[in-house]
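Here is the file start.txt (compact mmCIF, C-alpha atoms).
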# COMPACT_ATOMS: atom_id res chain seq x y z
CA MET A 1 -36.19 -26.43 75.01
CA LYS A 2 -37.59 -24.16 77.60
CA LYS A 3 -36.50 -24.78 81.14
CA GLN A 4 -38.39 -23.41 84.13
CA LEU A 5 -36.29 -22.12 86.95
CA THR A 6 -37.68 -21.15 90.32
CA ALA A 7 -35.71 -19.24 92.90
CA LEU A 8 -36.50 -17.95 96.33
CA PHE A 9 -36.01 -14.23 96.41
CA LEU A 10 -34.61 -13.13 99.76
CA SER A 11 -34.29 -9.47 100.49
CA PHE A 12 -33.30 -7.39 103.31
CA VAL A 13 -32.60 -3.72 103.86
CA LEU A 14 -30.89 -2.12 106.81
CA CYS A 15 -32.18 1.30 107.56
CA LEU A 16 -31.36 2.96 110.91
CA GLY A 17 -30.78 -0.52 112.32
CA LEU A 18 -34.38 -1.70 111.60
CA CYS A 19 -35.18 -4.83 109.55
CA VAL A 20 -37.64 -4.75 106.63
CA PRO A 21 -39.76 -7.87 106.11
CA ALA A 22 -38.42 -10.22 103.39
CA PHE A 23 -40.05 -10.60 100.01
CA ALA A 24 -40.56 -13.82 98.05
CA ALA A 25 -40.18 -13.76 94.28
CA GLU A 26 -41.10 -16.39 91.70
CA LEU A 27 -38.96 -16.05 88.51
CA THR A 28 -39.11 -18.06 85.32
CA GLY A 29 -36.47 -17.94 82.53
CA THR A 30 -35.77 -19.28 79.06
CA TYR A 31 -32.46 -19.23 77.19
CA ASP A 32 -32.16 -20.36 73.56
CA LYS A 33 -29.33 -21.33 71.24
CA ASP A 34 -29.13 -17.80 69.77
CA GLY A 35 -28.41 -16.23 73.18
CA ASN A 36 -31.91 -14.79 73.70
CA LEU A 37 -32.83 -14.63 77.43
CA THR A 38 -36.38 -14.10 78.76
CA ILE A 39 -37.15 -13.62 82.50
CA SER A 40 -40.57 -13.08 84.09
CA GLY A 41 -42.15 -13.39 87.53
CA GLY A 42 -43.47 -11.43 90.51
CA GLY A 43 -42.97 -10.62 94.16
CA PHE A 44 -41.08 -7.34 93.74
CA GLN A 45 -42.04 -4.02 95.23
CA ALA A 46 -44.20 -1.79 93.09
CA ASN A 47 -42.15 0.20 90.53
CA GLU A 48 -38.92 -1.27 91.85
CA ASP A 49 -35.78 -1.06 89.68
CA VAL A 50 -34.46 -4.53 88.80
CA PHE A 51 -31.04 -5.21 87.25
CA ILE A 52 -30.21 -8.35 85.28
CA THR A 53 -26.77 -9.98 85.19
CA ILE A 54 -25.63 -13.33 83.80
CA LYS A 55 -23.07 -15.56 85.38
CA ASP A 56 -20.71 -17.81 83.48
CA LYS A 57 -20.81 -21.24 85.09
CA ASN A 58 -17.14 -21.91 84.35
CA SER A 59 -15.50 -18.54 85.04
CA GLY A 60 -18.02 -17.13 87.50
CA GLU A 61 -17.88 -13.80 85.64
CA LEU A 62 -20.92 -11.54 86.12
CA VAL A 63 -21.96 -9.40 83.17
CA ASN A 64 -24.66 -6.72 83.36
CA ILE A 65 -26.95 -7.25 80.37
CA GLY A 66 -30.04 -5.19 81.14
CA ALA A 67 -32.45 -3.58 83.59
CA GLY A 68 -36.17 -3.06 84.05
CA THR A 69 -38.85 -1.82 86.42
CA ALA A 70 -41.39 -3.93 88.27
CA GLY A 71 -45.06 -3.16 87.76
CA GLU A 72 -47.54 -1.74 90.23
CA ASP A 73 -48.46 -5.28 91.23
CA GLY A 74 -44.82 -6.30 91.74
CA SER A 75 -44.64 -8.27 88.48
CA PHE A 76 -41.47 -8.18 86.39
CA ASN A 77 -40.86 -9.08 82.74
CA TRP A 78 -37.61 -8.72 80.79
CA SER A 79 -36.10 -10.10 77.60
CA GLY A 80 -32.75 -9.47 75.97
CA SER A 81 -29.61 -11.03 74.57
CA ALA A 82 -26.90 -12.91 76.43
CA GLY A 83 -24.47 -11.60 73.77
CA ASP A 84 -21.31 -13.61 73.19
CA LYS A 85 -22.28 -16.00 76.01
CA LYS A 86 -24.76 -17.79 73.74
CA GLY A 87 -24.29 -21.53 73.64
CA GLU A 88 -22.90 -21.66 77.20
CA ASP A 89 -24.60 -22.80 80.42
CA LEU A 90 -25.45 -19.65 82.40
CA ASN A 91 -26.82 -18.52 85.75
CA PHE A 92 -28.75 -15.27 85.95
CA ASN A 93 -29.22 -12.79 88.79
CA ALA A 94 -32.08 -10.31 89.22
CA SER A 95 -31.36 -7.65 91.82
CA GLY A 96 -33.72 -4.94 93.04
CA ALA A 97 -32.72 -1.62 94.46
CA THR A 98 -34.21 -2.47 97.87
CA THR A 99 -34.74 -6.21 97.79
CA GLY A 100 -31.25 -7.66 97.36
CA LYS A 101 -30.93 -10.37 94.73
CA VAL A 102 -32.17 -13.78 93.73
CA GLU A 103 -29.92 -16.39 92.07
CA THR A 104 -31.02 -19.43 90.13
CA SER A 105 -30.48 -22.76 91.74
CA GLU A 106 -29.19 -24.26 88.47
CA PRO A 107 -27.92 -22.92 85.13
CA PHE A 108 -30.04 -22.20 82.12
CA GLU A 109 -29.45 -24.84 79.48
CA LYS A 110 -29.19 -24.01 75.81
CA LYS A 111 -31.84 -25.47 73.55
CA PRO A 112 -30.64 -28.40 71.46
CA GLU A 113 -29.43 -27.48 67.97
CA GLU A 114 -31.74 -28.60 65.19
CA PRO A 115 -29.86 -30.89 62.83
CA THR A 116 -28.85 -29.34 59.51
CA PRO A 117 -30.11 -31.40 56.58
CA PRO A 118 -27.30 -32.62 54.32
CA THR A 119 -26.69 -30.71 51.10
CA PRO A 120 -27.49 -32.92 48.13
CA THR A 121 -24.53 -33.51 45.86
CA PRO A 122 -25.33 -32.76 42.20
CA PRO A 123 -24.54 -35.52 39.75
CA THR A 124 -21.14 -35.21 38.13
CA LYS A 125 -21.25 -34.29 34.47
CA PRO A 126 -19.17 -36.72 32.45
CA ASP A 127 -16.17 -35.26 30.65
CA PRO A 128 -16.97 -35.38 26.93
CA LYS A 129 -13.26 -35.29 26.10
CA PRO A 130 -11.48 -37.46 28.66
CA ASP A 131 -8.24 -37.60 26.69
CA ARG A 132 -7.55 -33.84 26.69
CA PRO A 133 -4.67 -32.58 28.91
CA VAL A 134 -6.06 -30.88 32.01
CA ILE A 135 -4.14 -28.83 34.56
CA ASP A 136 -5.46 -27.66 37.92
CA TYR A 137 -3.98 -24.34 39.02
CA PRO A 138 -4.96 -21.71 41.62
CA ILE A 139 -6.86 -18.66 40.44
CA TYR A 140 -5.91 -15.33 42.06
CA ASP A 141 -8.31 -12.45 42.45
CA GLY A 142 -7.62 -8.83 43.39
CA GLY A 143 -3.95 -8.85 42.40
CA ASN A 144 -2.29 -5.75 41.02
CA GLY A 145 0.90 -6.09 39.03
CA GLY A 146 2.98 -8.68 40.85
CA SER A 147 0.59 -9.06 43.78
CA GLU A 148 -0.93 -12.49 44.24
CA GLY A 149 -4.29 -11.31 45.53
CA THR A 150 -6.78 -13.73 47.08
CA LYS A 151 -6.41 -17.43 46.36
CA LYS A 152 -9.55 -19.13 45.08
CA PRO A 153 -10.30 -22.83 44.81
CA SER A 154 -8.73 -24.67 41.89
CA VAL A 155 -10.71 -24.91 38.65
CA LYS A 156 -10.31 -27.10 35.59
CA THR A 157 -7.98 -25.49 33.09
CA TYR A 158 -6.45 -26.35 29.72
CA ALA A 159 -2.86 -26.02 28.57
CA ILE A 160 -1.63 -23.05 26.50
CA SER A 161 1.31 -23.90 24.23
CA VAL A 162 3.59 -20.86 23.75
CA PRO A 163 6.48 -20.84 21.26
CA SER A 164 10.02 -20.35 22.57
CA ASN A 165 13.07 -18.94 20.79
CA VAL A 166 11.02 -16.93 18.29
CA ALA A 167 13.36 -15.00 15.98
CA HIS A 168 13.51 -11.24 16.63
CA GLY A 169 11.00 -11.13 19.47
CA THR A 170 9.36 -12.83 22.43
CA VAL A 171 5.87 -14.23 23.05
CA SER A 172 4.47 -14.82 26.53
CA VAL A 173 1.26 -15.34 28.54
CA LEU A 174 0.69 -14.81 32.25
CA TRP A 175 -0.42 -18.39 33.04
CA PRO A 176 0.49 -21.72 31.38
CA SER A 177 -3.19 -22.68 31.30
CA ALA A 178 -6.66 -21.12 31.52
CA ALA A 179 -10.28 -22.11 32.18
CA TRP A 180 -12.95 -22.31 29.52
CA GLY A 181 -14.27 -18.79 28.81
CA ASP A 182 -11.28 -16.95 30.33
CA THR A 183 -9.81 -14.01 28.42
CA VAL A 184 -6.12 -14.74 27.84
CA THR A 185 -3.63 -11.93 27.14
CA ILE A 186 -0.64 -12.54 24.87
CA THR A 187 2.35 -10.19 24.98
CA ALA A 188 4.29 -10.18 21.70
CA THR A 189 7.37 -7.94 22.02
CA PRO A 190 9.55 -7.35 18.92
CA GLU A 191 13.24 -6.52 18.99
CA ALA A 192 14.35 -3.02 17.99
CA GLY A 193 13.72 -2.47 14.29
CA TYR A 194 11.23 -5.35 14.05
CA GLU A 195 7.46 -5.66 14.30
CA LEU A 196 4.95 -8.50 14.69
CA ASP A 197 4.24 -10.22 11.38
CA THR A 198 1.82 -13.05 12.25
CA LEU A 199 0.08 -14.21 15.42
CA THR A 200 -2.31 -17.17 15.43
CA VAL A 201 -4.06 -19.19 18.14
CA THR A 202 -5.52 -22.58 17.24
CA ASP A 203 -7.56 -25.05 19.27
CA LYS A 204 -7.00 -28.81 19.52
CA ALA A 205 -8.87 -29.44 16.28
CA GLY A 206 -6.72 -26.89 14.42
CA ASN A 207 -9.43 -24.22 14.23
CA GLU A 208 -8.07 -20.68 14.34
CA LEU A 209 -9.44 -18.52 17.16
CA THR A 210 -10.19 -14.80 17.01
CA VAL A 211 -7.29 -12.68 18.31
CA THR A 212 -7.91 -9.03 19.24
CA ASP A 213 -5.16 -6.38 19.10
CA ARG A 214 -5.28 -4.38 22.35
CA GLY A 215 -2.34 -2.11 21.50
CA ASN A 216 1.08 -1.77 23.13
CA ASN A 217 2.06 -5.33 22.05
CA LYS A 218 -0.96 -6.88 23.85
CA TYR A 219 -3.38 -9.32 22.18
CA THR A 220 -6.29 -11.31 23.65
CA PHE A 221 -8.40 -14.37 22.86
CA VAL A 222 -11.15 -16.31 24.65
CA MET A 223 -10.09 -19.72 25.95
CA PRO A 224 -12.05 -22.64 24.44
CA GLU A 225 -12.89 -25.91 26.19
CA GLY A 226 -9.56 -27.56 25.39
CA GLU A 227 -5.86 -26.90 24.87
CA VAL A 228 -4.61 -24.20 22.47
CA SER A 229 -1.40 -23.48 20.56
CA ILE A 230 0.09 -20.03 19.86
CA GLN A 231 2.34 -19.30 16.89
CA ALA A 232 4.03 -15.98 16.05
CA SER A 233 6.64 -14.46 13.76
CA PHE A 234 8.35 -11.07 13.49
CA LYS A 235 9.66 -9.11 10.50
CA VAL A 236 11.75 -6.02 9.81
CA SER A 237 9.68 -2.99 10.75
CA GLU A 238 8.03 -1.17 7.88
CA LYS A 239 7.17 1.82 10.05
CA LYS A 240 8.72 5.01 8.82
CA GLN A 241 11.79 5.98 10.82
CA PRO A 242 12.34 9.62 11.80
CA THR A 243 14.17 11.61 9.16
CA ILE A 244 17.22 13.37 10.58
CA THR A 245 18.16 16.48 8.63
CA THR A 246 21.17 18.75 8.89
CA LEU A 247 20.90 21.21 11.76
CA PRO A 248 20.87 24.95 10.96
CA ALA A 249 23.93 26.96 11.95
CA THR A 250 21.78 29.55 13.74
CA ILE A 251 18.23 29.93 14.99
CA PRO A 252 16.01 33.03 14.73
CA PHE A 253 14.83 33.09 18.34
CA LYS A 254 16.07 36.07 20.31
CA ASP A 255 14.97 34.51 23.65
CA VAL A 256 17.29 31.50 23.21
CA ALA A 257 20.78 32.75 23.93
CA PRO A 258 23.86 30.84 22.72
CA GLY A 259 25.40 29.03 25.67
CA SER A 260 22.09 28.48 27.49
CA TRP A 261 21.54 24.88 28.63
CA TYR A 262 18.71 24.42 26.12
CA TYR A 263 20.25 26.21 23.10
CA ASP A 264 21.42 23.03 21.32
CA ALA A 265 18.13 21.29 22.06
CA VAL A 266 16.07 24.14 20.59
CA ARG A 267 18.34 24.22 17.53
CA PHE A 268 17.85 20.46 17.16
CA VAL A 269 14.02 20.35 17.37
CA TYR A 270 13.70 23.49 15.23
CA GLY A 271 16.07 22.10 12.61
CA LYS A 272 14.23 18.74 12.50
CA GLY A 273 10.86 20.43 12.12
CA MET A 274 9.66 19.01 15.43
CA MET A 275 9.00 22.32 17.17
CA ASN A 276 8.46 25.83 15.85
CA GLY A 277 8.65 29.17 17.60
CA THR A 278 5.75 30.92 19.28
CA SER A 279 6.51 33.78 16.89
CA PRO A 280 9.04 34.25 14.08
CA THR A 281 11.60 35.55 16.59
CA ALA A 282 10.56 33.91 19.90
CA PHE A 283 10.62 30.32 21.16
CA SER A 284 9.28 31.00 24.69
CA PRO A 285 11.52 28.42 26.40
CA ASN A 286 9.89 28.87 29.82
CA ALA A 287 6.32 28.51 28.58
CA THR A 288 4.51 25.25 29.28
CA THR A 289 3.83 22.56 26.68
CA SER A 290 0.41 21.02 26.10
CA ARG A 291 -0.49 17.37 25.75
CA GLY A 292 -1.78 18.02 22.25
CA MET A 293 1.52 19.62 21.21
CA ILE A 294 3.67 16.65 22.36
CA VAL A 295 1.47 14.19 20.50
CA THR A 296 1.59 16.41 17.41
CA ILE A 297 5.42 16.50 17.57
CA LEU A 298 5.54 12.69 17.55
CA TYR A 299 2.99 12.64 14.72
CA ARG A 300 5.28 14.91 12.69
CA LEU A 301 8.25 12.70 13.60
CA GLU A 302 6.28 9.73 12.25
CA GLY A 303 5.67 11.51 8.92
CA GLU A 304 2.01 12.39 9.59
CA PRO A 305 0.44 9.05 8.52
CA ALA A 306 -3.27 8.69 7.76
CA ALA A 307 -5.43 8.73 10.87
CA GLY A 308 -9.10 8.27 11.62
CA THR A 309 -11.22 10.18 14.13
CA ALA A 310 -10.38 10.29 17.82
CA SER A 311 -13.01 8.91 20.21
CA PHE A 312 -12.23 11.41 22.98
CA THR A 313 -15.08 13.74 23.89
CA ASP A 314 -12.83 16.82 23.87
CA VAL A 315 -11.04 16.14 20.56
CA PRO A 316 -13.39 17.26 17.78
CA ALA A 317 -12.44 16.86 14.14
CA GLY A 318 -10.72 19.74 12.38
CA GLN A 319 -8.48 20.93 15.20
CA TRP A 320 -4.72 21.25 14.67
CA TYR A 321 -4.15 18.29 17.02
CA SER A 322 -7.11 16.08 15.97
CA LYS A 323 -5.30 13.75 13.55
CA ALA A 324 -2.26 13.47 15.82
CA VAL A 325 -4.36 12.46 18.84
CA ALA A 326 -6.38 9.99 16.76
CA TRP A 327 -3.18 8.39 15.41
CA ALA A 328 -1.62 8.18 18.88
CA ALA A 329 -4.76 6.65 20.42
CA GLN A 330 -5.13 4.08 17.63
CA ASN A 331 -1.56 2.90 18.22
CA GLY A 332 -1.71 2.71 22.03
CA ILE A 333 0.54 5.74 22.57
CA VAL A 334 -2.10 7.68 24.52
CA ASP A 335 -5.28 6.55 26.25
CA GLY A 336 -6.63 9.72 27.84
CA TYR A 337 -7.77 10.28 31.41
CA GLY A 338 -10.17 7.34 31.60
CA SER A 339 -13.25 9.59 31.70
CA GLY A 340 -13.54 9.81 27.92
CA ALA A 341 -11.44 12.97 27.77
CA PHE A 342 -7.89 13.53 26.53
CA GLY A 343 -7.18 17.11 27.63
CA PRO A 344 -5.32 18.32 24.50
CA ASN A 345 -4.85 21.81 25.92
CA ASP A 346 -3.80 20.68 29.39
CA ASN A 347 -0.20 21.31 30.37
CA ILE A 348 1.77 18.09 30.07
CA THR A 349 3.57 16.85 33.17
CA ARG A 350 7.02 15.29 33.16
CA GLU A 351 5.65 11.83 34.04
CA GLN A 352 2.97 12.08 31.31
CA MET A 353 5.67 12.92 28.76
CA ALA A 354 7.78 9.96 29.94
CA ALA A 355 4.78 7.62 29.56
CA ILE A 356 3.95 8.87 26.04
CA LEU A 357 7.57 8.55 24.85
CA TYR A 358 7.83 5.07 26.43
CA ARG A 359 4.74 3.90 24.54
CA TYR A 360 5.93 5.53 21.31
CA ALA A 361 9.28 3.74 21.65
CA SER A 362 7.45 0.42 22.21
CA TYR A 363 5.27 1.12 19.17
CA LYS A 364 8.38 1.73 17.06
CA GLY A 365 10.07 -1.42 18.33
CA TYR A 366 12.87 0.48 20.09
CA SER A 367 14.42 -1.03 23.18
CA VAL A 368 12.65 -0.07 26.41
CA THR A 369 14.54 -2.44 28.69
CA ALA A 370 16.70 0.24 30.35
CA SER A 371 15.67 0.97 33.93
CA SER A 372 17.09 2.78 36.93
CA SER A 373 15.88 3.25 40.47
CA THR A 374 14.32 6.63 41.25
CA SER A 375 14.39 6.04 45.00
CA SER A 376 17.28 8.50 45.47
CA TYR A 377 14.91 11.37 44.66
CA SER A 378 12.96 12.67 47.66
CA ASP A 379 9.76 13.05 45.59
CA ALA A 380 9.89 9.60 43.95
CA SER A 381 6.75 8.60 45.86
CA GLN A 382 4.82 11.21 43.83
CA ILE A 383 5.26 9.23 40.61
CA SER A 384 1.87 7.85 39.54
CA SER A 385 1.57 4.07 39.32
CA TYR A 386 0.94 4.14 35.55
CA ALA A 387 4.20 6.09 35.02
CA GLN A 388 6.55 4.12 37.32
CA THR A 389 8.10 1.96 34.57
CA ALA A 390 8.21 4.82 32.07
CA MET A 391 9.94 7.20 34.51
CA SER A 392 12.53 4.54 35.45
CA TRP A 393 13.21 4.01 31.72
CA ALA A 394 13.33 7.74 30.92
CA ASN A 395 15.69 8.37 33.84
CA ALA A 396 17.97 5.47 32.86
CA THR A 397 18.25 6.69 29.26
CA GLY A 398 18.84 10.30 30.32
CA LEU A 399 15.64 11.58 28.73
CA ILE A 400 14.33 12.92 32.03
CA THR A 401 16.78 13.78 34.78
CA GLY A 402 16.24 15.50 38.09
CA THR A 403 15.28 19.13 38.37
CA SER A 404 17.87 19.10 41.17
CA SER A 405 20.13 16.49 42.72
CA THR A 406 17.29 15.37 45.02
CA THR A 407 14.07 16.09 43.10
CA LEU A 408 12.53 14.60 39.96
CA ALA A 409 9.31 16.69 39.89
CA PRO A 410 7.19 14.01 38.16
CA LYS A 411 4.04 16.11 38.33
CA GLY A 412 5.75 19.34 37.39
CA ASN A 413 4.84 20.86 34.04
CA ALA A 414 7.35 20.35 31.23
CA THR A 415 8.45 23.68 29.77
CA ARG A 416 9.13 24.10 26.07
CA ALA A 417 12.86 24.14 26.80
CA GLN A 418 12.59 20.89 28.78
CA ALA A 419 10.47 19.31 26.05
CA ALA A 420 13.06 20.27 23.44
CA MET A 421 15.83 18.69 25.54
CA ILE A 422 13.83 15.49 26.13
CA LEU A 423 13.00 15.14 22.43
CA MET A 424 16.60 15.70 21.36
CA ARG A 425 17.82 13.03 23.79
CA PHE A 426 15.08 10.68 22.58
CA CYS A 427 16.24 10.99 18.96
CA GLU A 428 19.94 10.66 19.85
CA VAL A 429 19.76 7.91 22.48
CA VAL A 430 16.63 5.86 21.77
CA VAL A 431 16.25 6.26 18.00
CA GLY A 432 20.03 6.33 17.48
Write out the structure in this file as structure tokens.
Amino acid sequence: MKKQLTALFLSFVLCLGLCVPAFAAELTGTYDKDGNLTISGGGFQANEDVFITIKDKNSGELVNIGAGTAGEDGSFNWSGSAGDKKGEDLNFNASGATTGKVETSEPFEKKPEEPTPPTPTPPTKPDPKPDRPVIDYPIYDGGNGGSEGTKKPSVKTYAISVPSNVAHGTVSVLWPSAAWGDTVTITATPEAGYELDTLTVTDKAGNELTVTDRGNNKYTFVMPEGEVSIQASFKVSEKKQPTITTLPATIPFKDVAPGSWYYDAVRFVYGKGMMNGTSPTAFSPNATTSRGMIVTILYRLEGEPAAGTASFTDVPAGQWYSKAVAWAAQNGIVDGYGSGAFGPNDNITREQMAAILYRYASYKGYSVTASSSTSSYSDASQISSYAQTAMSWANATGLITGTSSTTLAPKGNATRAQAAMILMRFCEVVVG
């Protein structure tokens, strides 16, 4: 609603004690529900500067919201926004540089709000299976790890039956129920020396659903419109265990002196066929180790099983590391950089080595429950998020210890001597 406001503009100027005749100004204003203010009228001096302020009826606060210039004929037009004062009853002032000010005799009223039509409610679809068990639970979005994320409105979900007290392993899901069409992840973790034998998911009618192996003891299925039941069993692992041979009395490497901290480790990995020298008489203990070499060592430890072709863009067939990388990727031991590349010739870091050994131990069914806090190391914050659990495990088992009493150097390159020590500890402590 537009409301006309008329005000008498009184002006006076004192200049050398002489009075200037007063001016009369007719002003008209509108103020709408969105805070838009329009003022127009006449009676100002030609080309006079005019300043606009609004006045809060309740607080009396004056806020400068704009300015303009009168025309040659003394007319004045201005429009602008009342800002955060929209929806309130306001007075406005228009003041000229030489004419004083004019104030409205009553406040501008906001235009009435147009009624919002009601939103039609869609008809409720009848439940075709009213007897099925239904659980309402909150869905969380944006969580990471243990974070809850943002709570969303409840949705209709169906119960997931998970077996308890499974012999030689555990089976778990994140939520006790899921909505139709959700992807549900099952974690099936075997005890040391065991592996998953069977894993089935059936719907209410007894139909078996498709279960996809995601690697690293993770399996997924798509939730149907109804409850499901999970069944699993474990068996003694048929995976080939590392063969431990008798260590040689001496080693041929002239750069590995008896009594050095890595001498026994080099003798161990050389004697087990896990690592060779860089030449017939040199081991190069201080040289770095590549990602491809560590994966190849584990591939040898596994007995070099058949492997397909790696999908990484930088791992072509026919290279000395190709089969090892393909085998490791197929079994969830490595997953590359996320850009499609693996980096077989890149120097391996200490945290990368911890992560690869942790996944290999999980693949073999070895215990990976050991954990220790790394907070005592001053550079613990440098550990990447993907390697946090693996580094805590590797530190607890003694595979990776500090480079000093206060540093862990997670992003430092692992030398060949360090790699030999880590692999020896892995075979002695984890494999047993």
request  = Compare A:Thr53, A:Thr157, A:Thr313, A:Ser279 by their minimum atom-to-atom distance to Ser339 of chain A, counting all atoms listed in the file, and give me the closest one.
outcome  = A:Thr313
ask   = Which residue out of A:Asn165, A:Thr401, A:Ser290, A:Thr374 has the minimum interatomic distance to Ile422 of chain A when only C-alpha atoms are used?
value = A:Thr401
request  = Can you work out which one of A:Ile52, A:Ala329, A:Leu399, A:Ala394 has the shortest atom-to-atom distance to Gln418 of chain A, counting all atoms listed in the file?
outcome  =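 Under the stated criterion, the closest residue is A:Leu399.
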ask   = Excluding same-chain residues fewer than 4 positions from Ile333 of chain A, what lies within 6 Å of it counting all atoms listed in the file, as a list in words?
value =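 These residues fall inside the cut-off: Ala328, Ala329, Ile356, Arg359 and Tyr360 of chain A.
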inquiry  = I want to know what sits within 8 Å of Ala396 of chain A, based on all atoms listed in the file, with residues of the same chain fewer than 5 positions away left out; could you give that as number ranges by chain?
reply    = A: 370-372
key: Nearest-residue call for Asn217 of chain A, choices A:Thr281, A:Asn331, A:Ser373, A:Ser384, using only C-alpha atoms   =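 Closest candidate: A:Asn331.
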inquiry  = So, with all atoms listed in the file as the atoms that count, which of A:Ser381, A:Thr202, A:Asn286, A:Met424 lies closest to Arg267 of chain A?
reply    =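 With all atoms listed in the file as the atom set, the closest residue is A:Met424.
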key: Distance in Å - atom CA of Ala287 of chain A versus atom CA of Tyr321 of chain A   = 18.6 Å
Atom-to-atom span, atom CA of Ser405 of chain A and atom CA of Phe268 of chain A, Å = 26.0 Å
message = Report as a PyMOL selection string all protein, DNA and RNA residues lying within 10 Å of segment 256-261 of chain A, evaluated on only C-alpha atoms, omitting residues in the same chain fewer than 6 positions from it.
response = chain A and resi 250+267+281-285+417-418+421
inquiry  = Given the point (17.1, 6.2, 21.3) in the file's coordinates, find the residues that have an atom at most 10 Å from it, counting all atoms listed in the file, and give them as a PyMOL selection string.
reply    = chain A and resi 361+366-368+397+399+423-432
query = Using only C-alpha atoms, which residue out of A:Gly74, A:Gly66, A:Gly398, A:Pro176 lies closest to Gly42 of chain A?
reply = A:Gly74
